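Asks: Sharing a structure here in structure tokens format.
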4 protein chains.
Amino acid sequence: MSKKIKTGILGATGLVGQYLISLLEEHPWFEVTELAASEKSVGKTFGETCIWRISRPMPESVKRMTMKSASPADNFSADVVFSSMPSDVAGKIEIQFALTGYPVISNSSSHRMDDDVPLIIPEVNPDHSALIPIQKRNRKWNGFIITNPNCTTIGLTLALTPLKKQFGVELVQVTSYQALSGAGSAGVVSLDIIDNVIPFIKNEELKVESEPLKLLGMVQNDKIELAPFRVSAHCSRVNVSHGHLLAVSVKLKRKPSVDEFISAFSSFISPIQSLNLPSAPLKPIIIKGETDRPQPKFDRNTDNGMAISIGRIRPCPVFDYKFFTVSHNMIRGAAGASILNAELLKAQGYL
Amino acid sequence: MSKKIKTGILGATGLVGQYLISLLEEHPWFEVTELAASEKSVGKTFGETCIWRISRPMPESVKRMTMKSASPADNFSADVVFSSMPSDVAGKIEIQFALTGYPVISNSSSHRMDDDVPLIIPEVNPDHSALIPIQKRNRKWNGFIITNPNCTTIGLTLALTPLKKQFGVELVQVTSYQALSGAGSAGVVSLDIIDNVIPFIKNEELKVESEPLKLLGMVQNDKIELAPFRVSAHCSRVNVSHGHLLAVSVKLKRKPSVDEFISAFSSFISPIQSLNLPSAPLKPIIIKGETDRPQPKFDRNTDNGMAISIGRIRPCPVFDYKFFTVSHNMIRGAAGASILNAELLKAQGYL
Amino acid sequence: MSKKIKTGILGATGLVGQYLISLLEEHPWFEVTELAASEKSVGKTFGETCIWRISRPMPESVKRMTMKSASPADNFSADVVFSSMPSDVAGKIEIQFALTGYPVISNSSSHRMDDDVPLIIPEVNPDHSALIPIQKRNRKWNGFIITNPNCTTIGLTLALTPLKKQFGVELVQVTSYQALSGAGSAGVVSLDIIDNVIPFIKNEELKVESEPLKLLGMVQNDKIELAPFRVSAHCSRVNVSHGHLLAVSVKLKRKPSVDEFISAFSSFISPIQSLNLPSAPLKPIIIKGETDRPQPKFDRNTDNGMAISIGRIRPCPVFDYKFFTVSHNMIRGAAGASILNAELLKAQGYL
Amino acid sequence: MSKKIKTGILGATGLVGQYLISLLEEHPWFEVTELAASEKSVGKTFGETCIWRISRPMPESVKRMTMKSASPADNFSADVVFSSMPSDVAGKIEIQFALTGYPVISNSSSHRMDDDVPLIIPEVNPDHSALIPIQKRNRKWNGFIITNPNCTTIGLTLALTPLKKQFGVELVQVTSYQALSGAGSAGVVSLDIIDNVIPFIKNEELKVESEPLKLLGMVQNDKIELAPFRVSAHCSRVNVSHGHLLAVSVKLKRKPSVDEFISAFSSFISPIQSLNLPSAPLKPIIIKGETDRPQPKFDRNTDNGMAISIGRIRPCPVFDYKFFTVSHNMIRGAAGASILNAELLKAQGYL
């Protein structure tokens with residue numbers, strides 16, 4: 001592939017935008033050609049306007065790029081755009097770009113639950129991209145919008161995928177220990193979280209209770225038939241930089257033995273494994289055998305932050321089984337999720 | 001009351017021991033007269049041997065007391081003993097003291113689930129002290145042992161008490177965010193918990209799943225008939241000094257309206273309220289109306305750390321209702337729990 | 001005193017404003033009658049507009065007070081105003097209030113170094129209030145402005161006061177470990193400080209290097225002759241909620257023995273001790289004898305947060321002596337400092 | 001190099017031991033062949049006995065190695081030993097190994113200040129290895145001991161090296177913000193450091209005040225003539241996992257301009273650069289131009305943790321200049337320092 005796909009990032013100065021830039025720095029298929037953020041940064045260089053919060057240094061290639069307005073004007077030189085804008089502005093702007101002809105790969109929540117917008121985790125429901133032509137027809141758009149789920153939903157749904165396939169899922173109870181970076185680059189005031197846990201994240205529980213049903217649903221009559229199970233979520237913010245830990249209890253249609261249950265995870269092969277996508281983990285689910293794992297600090301970076309770790313699998317006195325899972329909220333749960341979606345679309349011929 | 005009850009503390013140098021000392025410093029009924037800990041501290045003064053980890057300074061009255069061996073020998077000058085020893089040694093030593101004639105008020109887990117040992121939270125099951133004469137008869141002891149539950153159990157069971165009384169409880173799912181002090185004075189290595197959550201606390205989930213059934217059970221045929229509901233627990237350690245936060249979901253026998261549900265908490269009157277025990281909170285349960293409360297840092301000290309706070313009450317898509325609760329694990333969940341038990345016994349005539 | 005002094009607070013929703021409200025809640029001399037903050041809060045109740053970040057609950061008395069504009073208009077019902085506004089707006093507004101006739105007790109940096117504005121720590125230089133009549137005459141104001149120093153300056157200068165008096169001070173090197181609350185209620189992003197130290201606080205070193213010279217200077221010819229020593233400061237932000245720790249090295253005019261040096265601190269009696277001001281600490285300087293104290297967590301609240309703690313006093317291979325000191329930056333270093341200044345003015349007849 | 005040097009690690013289960021193992025995993029010259037620790041681990045596998053606290057997983061190659069006793073017995077199969085034992089036991093054991101013929105590369109403090117034991121930072125004083133033959137002759141040993149300095153000394157002395165060379169150093173004042181890992185794998189109790197700073201590290205200030213004088217001294221008459229300047233240190237522990245931050249003020253023999261001062265750092269070329277040692281950083285000193293750097297979290301891993309970062313260079317009102325520096329205490333300050341010393345010895349022909 002001699003020429004890379006020109007890529008614009010909307011919301012580039014935010015934390016997910018920074019991760020997109022960092023992960024795309026040496027990407028074999030994509031190169032960052034445009035950066036956009038809110039009006040106050042337009043005209044400045046990225047280096048001037050962005051408070052860089054990632055350990056890996058800001059790539060030299062973006063430092064001197066001039067910030068554009070988040071608008072599909074003539075001079076926006078990109079073949080595809082990633083959107084990591086705040087949800088209060090993302091909705092309209094993404095429509096403008098899709099209308100103009102851009103494929104929009106979005107991490108924002110604005111269109112996730114729209115009937116004709118695919119909500120995709122490539123290892124879970126790569127076939128949902130079938131909504132793309134329907135969306136373009138419905139909306140008479142030259143481009144389209146595709147979304148990835150909320151950072152907490154992703155870890156949970158990846159874990160539920162092999163369970164649903166092998167045993168059927170009936171009830172899910174999930175409690176989160178969510179990292180600070182999930183709140184964005186200026187999200188949580190240090191004085192609020194030191195020596196504390198905050199048991200509230202706006203709109204989060206609603207997302208976690210609804211998005212998995214679409215992800216694990218089926219394409220039927222030009223839309224997604226929601227999966228018929230129920231999820232209940234408790235969501236809290238803890239004093240951890242990156243990596244969401246989830247405590248999950250599940251009731252299954254058929255109750256397996258513990259060995260069968262563990263084996264469902266460990267033998268899980270992603271339906272897209274054969275596509276060899278650059279950002280796909282070798283195995284999306286890693287089983288931790290230690291008594292006290294997974295832990296955010298030690299397991300969030302597994303397989304470059306794209307694999308989830310599952311451990312402490314044990315019977316549940318109320319449901320069937322319970323376990324903990326950790327995933328990197330900024331990579332597996334946001335920027336990496338968007339990039340893997342883009343890679344899937346490329347492999348499927350949509351880009 | 002001109003003369004106070006002479007009180008010994010077994011395990012005085014540990015963190016619960018330190019809280020016992022601090023809370024008893026100006027207690028109207030009890031005065032600390034003996035301190036005991038492991039053999040290596042015997043003969044030293046408390047001030048020399050104890051690494052004091054409480055903000056309030058070490059009381060002058062104990063600083064120069066000489067540490068005794070944890071043994072009911074001739075020179076152990078106490079009318080009652082509090083035991084906050086590690087569970088691996090507490091079992092035998094508590095028996096020695098009870099055999100010799102001491103009332104033993106224990107925070108250790110060793111005898112909690114013994115058939116004839118009361119496991120008591122005064123606001124929940126003050127009548128379980130009826131096991132004391134049975135225990136003395138069974139074991140031919142002059143003294144006796146009475147216990148309080150695990151720190152996580154206490155917050156949970158206080159919350160369940162009005163629910164059980166008014167609606168009946170069927171299923172309970174609880175996930176904990178437990179504070180560092182619950183692991184004792186040297187419990188968690190800082191390098192393990194900074195930027196991390198540890199999803200494992202030894203034996204904790206088992207205790208939280210079993211103790212509430214005894215607490216909410218009934219005295220019948222000289223023992224406790226366990227309450228007939230089921231609890232499932234996920235327990236984790238978070239980077240918080242004090243205050244356990246619990247995410248609780250409940251399925252009730254009769255599903256009330258939200259208002260009825262909230263009212264069960266807010267109208268709860270403790271069965272021991274009329275006893276006016278010195279350490280009893282004005283109201284054991286406080287409802288927090290803010291969207292993001294209760295929080296460990298701001299709510300753990302409510303009513304001197306003896307009241308629990310409940311908030312974020314909302315319907316549950318899987319069970320009936322869900323909510324969060326915070327309690328001070330060292331006060332309400334350990335030292336204060338023991339002292340309140342001692343006060344109850346005094347009021348009931350057992351001391 | 002049957003009637004309390006009516007008190008307005010400018011910048012009431014900020015963190016220092018909250019501490020002012022909390023500390024004045026049951027003050028014997030002052031009662032809060034007006035609250036003002038930025039324009040966006042005007043007309044709302046304090047309870048609606050303020051994100052309360054103090055453990056002690058918001059006083060009921062202010063919850064329903066309606067926020068006013070920070071302007072000395074007709075309906076501003078106060079005898080005196082405390083100003084804890086951000087320094088970029090405080091300068092002008094304080095002048096408006098002083099011009100109109102209000103005594104302005106300011107915690108802001110805007111006027112601290114003005115020639116005719118007193119910069120006062122009551123235990124250090126209560127006589128500098130002599131500038132008040134000069135200021136009023138110079139500026140033709142009915143009211144006046146009096147200021148307290150920066151939070152780091154206060155701890156340092158209190159420690160230097162007995163040293164200067166007894167031995168003379170020549171050189172001071174101070175390195176700070178400053179708490180998060182010093183940056184205000186929304187100051188430090190949690191993601192920036194977790195597992196980190198930030199070795200930069202805007203303008204802080206300049207303040208710490210200059211303010212002590214005015215505080216320890218003398219009133220001469222209607223202004224302050226600066227004290228003739230030099231201070232060098234390194235200032236950093238650490239992951240601590242409250243309590244600034246300072247590492248201080250001093251070269252004195254006359255080098256005392258270690259015992260003399262310690263005794264200078266321990267025998268220090270504040271020049272205002274006899275005034276019995278309600279917020280004055282019993283002893284402004286407490287010596288800690290333990291090998292590892294003072295520590296922010298354990299020593300910040302000494303004497304209601306109004307005493308500083310000094311420890312680890314030892315000879316310095318480069319200067320004469322070195323030591324550590326802790327002070328509560330929000331109480332001793334800000335809100336409590338302003339209130340103590342107001343009490344001093346009352347005792348001196350300026351209010 | 002077809003055959004690697006067989007390497008034993010004494011104190012393998014400690015935190016520095018773990019870093020040695022991790023850094024040697026794919027080392028081109030050394031391979032780990034023996035692991036030893038305290039008696040209680042002897043006979044167990046490393047995987048069983050070690051609580052691994054490094055993010056990078058435990059190498060498979062050591063997991064099943066059987067722990068040996070730390071004694072140079074017949075079956076200890078190594079050409080060289082690294083010692084990271086606690087200083088209370090290291091002294092004697094290192095002598096036993098050196099006596100028996102082993103080159104001992106030590107990170108322990110026991111022999112650092114012995115007259116005939118080299119204390120080396122390769123970029124600072126590689127020529128001090130000239131003490132090795134003197135040591136062997138003095139002590140009639142077949143092997144020898146070489147040491148690296150304390151973790152705080154290393155960052156400081158690397159920074160002082162170009163200053164001494166270009167301007168001469170007269171006085172140094174250093175205040176540390178030291179990371180938790182410097183206290184070893186079980187060093188700091190989480191309850192002691194959360195929301196706190198501990199202004200005391202046993203023996204640390206003494207080491208920081210004396211070791212730089214030996215490092216920057218000269219070999220003369222078979223021993224080291226100490227460098228003739230003075231250092232004063234304040235040392236504290238902060239809530240950071242890895243990376244020591246130092247605030248440094250220096251008085252030089254000749255006061256340069258700011259540009260000259262900065263240039264001394266930025267133009268510094270290590271005397272061992274031409275040796276191309278595998279663990280040597282490209283540039284040992286990196287200048288950070290941002291206003292708020294260096295910071296432990298973002299700068300500790302520069303050049304695989306082997307380069308120090310210097311920033312906030314500015315004039316000092318008391319001395320000449322002041323600045324901050326960050327170095328990774330476990331890599332540059334301990335395990336990596338030992339390995340670089342071993343590489344230097346190999347290049348110099350001592351191994």
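Ordering of the structure tokens sets the chain letters (A, B, ...); residue numbers start at 1 within each chain; ligands are numbered from 1 in the order shown.
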At a cut-off of 9 Å, which residues of chain A touch chain B? Count only C-alpha atoms and give the answer as a PyMOL selection string.

Replies: chain A and resi 171-173+175+177+192-201+209+230-235+238-243+245+247-249+291-298+312+316-319+322-324

Asks: Hey, can you spit out that residue selection with C-alpha atoms as an mmCIF file, in the first residue's frame?

Replies:
data_model
loop_
_atom_site.group_PDB
_atom_site.id
_atom_site.type_symbol
_atom_site.label_atom_id
_atom_site.label_comp_id
_atom_site.auth_asym_id
_atom_site.auth_seq_id
_atom_site.Cartn_x
_atom_site.Cartn_y
_atom_site.Cartn_z
ATOM 1 C CA LEU A 171 -29.403 -11.257 33.181
ATOM 2 C CA VAL A 172 -26.285 -9.158 33.706
ATOM 3 C CA GLN A 173 -25.325 -7.175 36.766
ATOM 4 C CA THR A 175 -20.533 -2.603 38.766
ATOM 5 C CA TYR A 177 -14.549 1.045 38.912
ATOM 6 C CA ASP A 192 -12.815 15.585 44.499
ATOM 7 C CA ILE A 193 -11.195 12.195 43.975
ATOM 8 C CA ILE A 194 -8.206 12.079 46.341
ATOM 9 C CA ASP A 195 -9.071 9.654 49.168
ATOM 10 C CA ASN A 196 -12.488 9.153 47.577
ATOM 11 C CA VAL A 197 -14.760 7.304 45.136
ATOM 12 C CA ILE A 198 -17.508 9.156 43.239
ATOM 13 C CA PRO A 199 -20.521 6.894 42.719
ATOM 14 C CA PHE A 200 -21.983 8.803 39.801
ATOM 15 C CA ILE A 201 -21.077 9.291 36.149
ATOM 16 C CA GLU A 209 -27.638 -0.930 30.166
ATOM 17 C CA ARG A 230 -31.378 -7.263 30.676
ATOM 18 C CA VAL A 231 -28.398 -5.370 32.138
ATOM 19 C CA SER A 232 -28.236 -3.431 35.390
ATOM 20 C CA ALA A 233 -25.253 -1.140 36.048
ATOM 21 C CA HIS A 234 -23.719 0.691 38.999
ATOM 22 C CA CYS A 235 -21.021 3.124 37.767
ATOM 23 C CA VAL A 238 -12.105 5.698 41.222
ATOM 24 C CA ASN A 239 -8.653 7.231 41.617
ATOM 25 C CA VAL A 240 -6.988 5.329 38.766
ATOM 26 C CA SER A 241 -5.537 6.994 35.674
ATOM 27 C CA HIS A 242 -6.480 4.441 33.013
ATOM 28 C CA GLY A 243 -8.230 1.072 32.927
ATOM 29 C CA LEU A 245 -12.395 -2.608 36.205
ATOM 30 C CA ALA A 247 -17.413 -6.677 38.526
ATOM 31 C CA VAL A 248 -19.829 -8.778 36.472
ATOM 32 C CA SER A 249 -22.472 -11.339 37.482
ATOM 33 C CA THR A 291 -6.103 -14.902 42.804
ATOM 34 C CA ASP A 292 -6.033 -11.095 42.715
ATOM 35 C CA ARG A 293 -6.139 -10.215 39.032
ATOM 36 C CA PRO A 294 -7.090 -8.524 36.761
ATOM 37 C CA GLN A 295 -5.927 -5.163 38.094
ATOM 38 C CA PRO A 296 -6.081 -1.877 36.152
ATOM 39 C CA LYS A 297 -2.428 -0.962 36.689
ATOM 40 C CA PHE A 298 -1.011 -4.297 35.623
ATOM 41 C CA ARG A 312 -11.632 -14.342 39.555
ATOM 42 C CA CYS A 316 -22.499 -16.755 42.073
ATOM 43 C CA PRO A 317 -24.991 -17.491 44.871
ATOM 44 C CA VAL A 318 -27.580 -15.307 43.151
ATOM 45 C CA PHE A 319 -26.910 -15.697 39.417
ATOM 46 C CA LYS A 322 -19.337 -13.899 38.473
ATOM 47 C CA PHE A 323 -15.967 -12.475 37.454
ATOM 48 C CA PHE A 324 -13.891 -9.287 37.109
#

Asks: Would you mind listing what lies within 12 Å of Phe97 (chain C) as a PDB file with N, CA and C atoms, in the first residue's frame, with only C-alpha atoms counted and same-chain residues fewer than 3 positions away left out?

Replies:
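Listed below is the output, out-v3.pdb:
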ATOM      1  N   GLY C   8     -19.734  40.637  54.518  1.00  0.00           N
ATOM      2  CA  GLY C   8     -19.925  40.172  53.150  1.00  0.00           C
ATOM      3  C   GLY C   8     -18.717  39.382  52.686  1.00  0.00           C
ATOM      4  N   ILE C   9     -18.974  38.394  51.844  1.00  0.00           N
ATOM      5  CA  ILE C   9     -17.865  37.607  51.311  1.00  0.00           C
ATOM      6  C   ILE C   9     -17.864  37.726  49.794  1.00  0.00           C
ATOM      7  N   LEU C  10     -16.769  38.264  49.255  1.00  0.00           N
ATOM      8  CA  LEU C  10     -16.615  38.396  47.800  1.00  0.00           C
ATOM      9  C   LEU C  10     -15.803  37.203  47.307  1.00  0.00           C
ATOM     10  N   ALA C  70     -20.603  41.367  42.957  1.00  0.00           N
ATOM     11  CA  ALA C  70     -19.486  41.853  43.778  1.00  0.00           C
ATOM     12  C   ALA C  70     -19.306  43.343  43.547  1.00  0.00           C
ATOM     13  N   SER C  71     -20.222  44.104  44.060  1.00  0.00           N
ATOM     14  CA  SER C  71     -20.208  45.556  43.835  1.00  0.00           C
ATOM     15  C   SER C  71     -20.850  46.245  45.047  1.00  0.00           C
ATOM     16  N   PRO C  72     -20.240  47.352  45.485  1.00  0.00           N
ATOM     17  CA  PRO C  72     -20.712  48.015  46.710  1.00  0.00           C
ATOM     18  C   PRO C  72     -21.970  48.841  46.452  1.00  0.00           C
ATOM     19  N   ALA C  73     -22.971  48.193  45.874  1.00  0.00           N
ATOM     20  CA  ALA C  73     -24.201  48.930  45.559  1.00  0.00           C
ATOM     21  C   ALA C  73     -25.019  49.151  46.830  1.00  0.00           C
ATOM     22  N   ASP C  74     -26.078  49.884  46.679  1.00  0.00           N
ATOM     23  CA  ASP C  74     -26.916  50.279  47.818  1.00  0.00           C
ATOM     24  C   ASP C  74     -27.346  49.104  48.680  1.00  0.00           C
ATOM     25  N   PHE C  76     -26.037  46.327  49.362  1.00  0.00           N
ATOM     26  CA  PHE C  76     -25.042  45.396  49.891  1.00  0.00           C
ATOM     27  C   PHE C  76     -24.916  45.626  51.391  1.00  0.00           C
ATOM     28  N   ALA C  78     -23.476  45.093  54.544  1.00  0.00           N
ATOM     29  CA  ALA C  78     -22.342  44.560  55.304  1.00  0.00           C
ATOM     30  C   ALA C  78     -21.564  45.701  55.940  1.00  0.00           C
ATOM     31  N   ASP C  79     -20.933  45.415  57.076  1.00  0.00           N
ATOM     32  CA  ASP C  79     -20.058  46.391  57.719  1.00  0.00           C
ATOM     33  C   ASP C  79     -18.608  46.216  57.275  1.00  0.00           C
ATOM     34  N   VAL C  80     -18.306  45.001  56.832  1.00  0.00           N
ATOM     35  CA  VAL C  80     -16.938  44.679  56.454  1.00  0.00           C
ATOM     36  C   VAL C  80     -17.027  43.614  55.358  1.00  0.00           C
ATOM     37  N   VAL C  81     -16.042  43.578  54.454  1.00  0.00           N
ATOM     38  CA  VAL C  81     -16.051  42.507  53.446  1.00  0.00           C
ATOM     39  C   VAL C  81     -14.741  41.740  53.469  1.00  0.00           C
ATOM     40  N   PHE C  82     -14.902  40.420  53.312  1.00  0.00           N
ATOM     41  CA  PHE C  82     -13.755  39.560  53.065  1.00  0.00           C
ATOM     42  C   PHE C  82     -13.668  39.345  51.553  1.00  0.00           C
ATOM     43  N   SER C  83     -12.474  39.423  51.016  1.00  0.00           N
ATOM     44  CA  SER C  83     -12.311  39.199  49.584  1.00  0.00           C
ATOM     45  C   SER C  83     -11.434  37.987  49.332  1.00  0.00           C
ATOM     46  N   ALA C  90      -9.822  40.760  41.516  1.00  0.00           N
ATOM     47  CA  ALA C  90      -9.900  41.297  42.875  1.00  0.00           C
ATOM     48  C   ALA C  90      -9.438  42.751  42.950  1.00  0.00           C
ATOM     49  N   GLY C  91      -8.374  43.059  42.245  1.00  0.00           N
ATOM     50  CA  GLY C  91      -7.744  44.373  42.364  1.00  0.00           C
ATOM     51  C   GLY C  91      -8.737  45.527  42.264  1.00  0.00           C
ATOM     52  N   LYS C  92      -9.468  45.572  41.159  1.00  0.00           N
ATOM     53  CA  LYS C  92     -10.398  46.678  40.934  1.00  0.00           C
ATOM     54  C   LYS C  92     -11.577  46.670  41.898  1.00  0.00           C
ATOM     55  N   ILE C  93     -12.124  45.500  42.108  1.00  0.00           N
ATOM     56  CA  ILE C  93     -13.336  45.420  42.936  1.00  0.00           C
ATOM     57  C   ILE C  93     -13.024  45.808  44.380  1.00  0.00           C
ATOM     58  N   GLU C  94     -11.877  45.380  44.862  1.00  0.00           N
ATOM     59  CA  GLU C  94     -11.518  45.747  46.236  1.00  0.00           C
ATOM     60  C   GLU C  94     -11.393  47.266  46.370  1.00  0.00           C
ATOM     61  N   THR C 100     -15.804  53.139  48.641  1.00  0.00           N
ATOM     62  CA  THR C 100     -17.167  53.352  49.127  1.00  0.00           C
ATOM     63  C   THR C 100     -17.247  53.371  50.648  1.00  0.00           C
ATOM     64  N   GLY C 101     -16.189  52.902  51.304  1.00  0.00           N
ATOM     65  CA  GLY C 101     -16.210  52.971  52.752  1.00  0.00           C
ATOM     66  C   GLY C 101     -16.067  51.645  53.478  1.00  0.00           C
ATOM     67  N   TYR C 102     -15.928  50.584  52.734  1.00  0.00           N
ATOM     68  CA  TYR C 102     -15.815  49.278  53.399  1.00  0.00           C
ATOM     69  C   TYR C 102     -14.384  48.978  53.826  1.00  0.00           C
ATOM     70  N   PRO C 103     -14.218  48.442  55.011  1.00  0.00           N
ATOM     71  CA  PRO C 103     -12.954  47.785  55.321  1.00  0.00           C
ATOM     72  C   PRO C 103     -12.916  46.477  54.520  1.00  0.00           C
ATOM     73  N   VAL C 104     -11.874  46.295  53.717  1.00  0.00           N
ATOM     74  CA  VAL C 104     -11.738  45.111  52.877  1.00  0.00           C
ATOM     75  C   VAL C 104     -10.603  44.247  53.425  1.00  0.00           C
ATOM     76  N   ILE C 105     -10.964  43.056  53.859  1.00  0.00           N
ATOM     77  CA  ILE C 105      -9.971  42.120  54.398  1.00  0.00           C
ATOM     78  C   ILE C 105      -9.691  41.139  53.281  1.00  0.00           C
ATOM     79  N   SER C 106      -8.536  41.238  52.655  1.00  0.00           N
ATOM     80  CA  SER C 106      -8.330  40.506  51.412  1.00  0.00           C
ATOM     81  C   SER C 106      -7.321  39.382  51.542  1.00  0.00           C
ATOM     82  N   TRP C 141      -9.806  57.546  50.702  1.00  0.00           N
ATOM     83  CA  TRP C 141     -10.845  56.523  50.785  1.00  0.00           C
ATOM     84  C   TRP C 141     -11.558  56.608  52.139  1.00  0.00           C
ATOM     85  N   ASN C 142     -12.820  56.253  52.135  1.00  0.00           N
ATOM     86  CA  ASN C 142     -13.506  56.086  53.413  1.00  0.00           C
ATOM     87  C   ASN C 142     -13.188  54.737  54.046  1.00  0.00           C
ATOM     88  N   GLY C 143     -13.034  53.755  53.217  1.00  0.00           N
ATOM     89  CA  GLY C 143     -12.662  52.430  53.721  1.00  0.00           C
ATOM     90  C   GLY C 143     -11.180  52.191  53.519  1.00  0.00           C
ATOM     91  N   PHE C 144     -10.796  50.945  53.532  1.00  0.00           N
ATOM     92  CA  PHE C 144      -9.373  50.609  53.343  1.00  0.00           C
ATOM     93  C   PHE C 144      -9.242  49.131  52.973  1.00  0.00           C
ATOM     94  N   ILE C 145      -8.034  48.778  52.561  1.00  0.00           N
ATOM     95  CA  ILE C 145      -7.718  47.389  52.223  1.00  0.00           C
ATOM     96  C   ILE C 145      -6.607  46.891  53.129  1.00  0.00           C
TER      97      ILE C 145
END

Asks: Got a sec: who's within 10 Å of Ser69 (chain A), counting only C-alpha atoms, leaving out chain neighbours fewer than 2 positions off, as a list of chain:residue names?

Replies: A:Leu10, A:Gly11, A:Glu34, A:Leu35, A:Ala36, A:Ala37, A:Ser38, A:Glu39, A:Lys40, A:Ser41, A:Val42, A:Gly43, A:Thr66, A:Met67, A:Ser71, A:Pro72, A:Ala73, A:Phe76

Asks: Using only C-alpha atoms, determine which residues lie at most 9 Å from Lys63 (chain C), disregarding the query and same-chain residues fewer than 2 positions distant; provide the list as a ChimeraX atom specification.

Replies: /C:45-48,58-61,65-66

Asks: When you draw a straight line from CA of Met306 (chain C) to CA of Val189 (chain C), how long is it in Å?

Replies: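 That distance, rounded to one decimal, is 27.8 Å.
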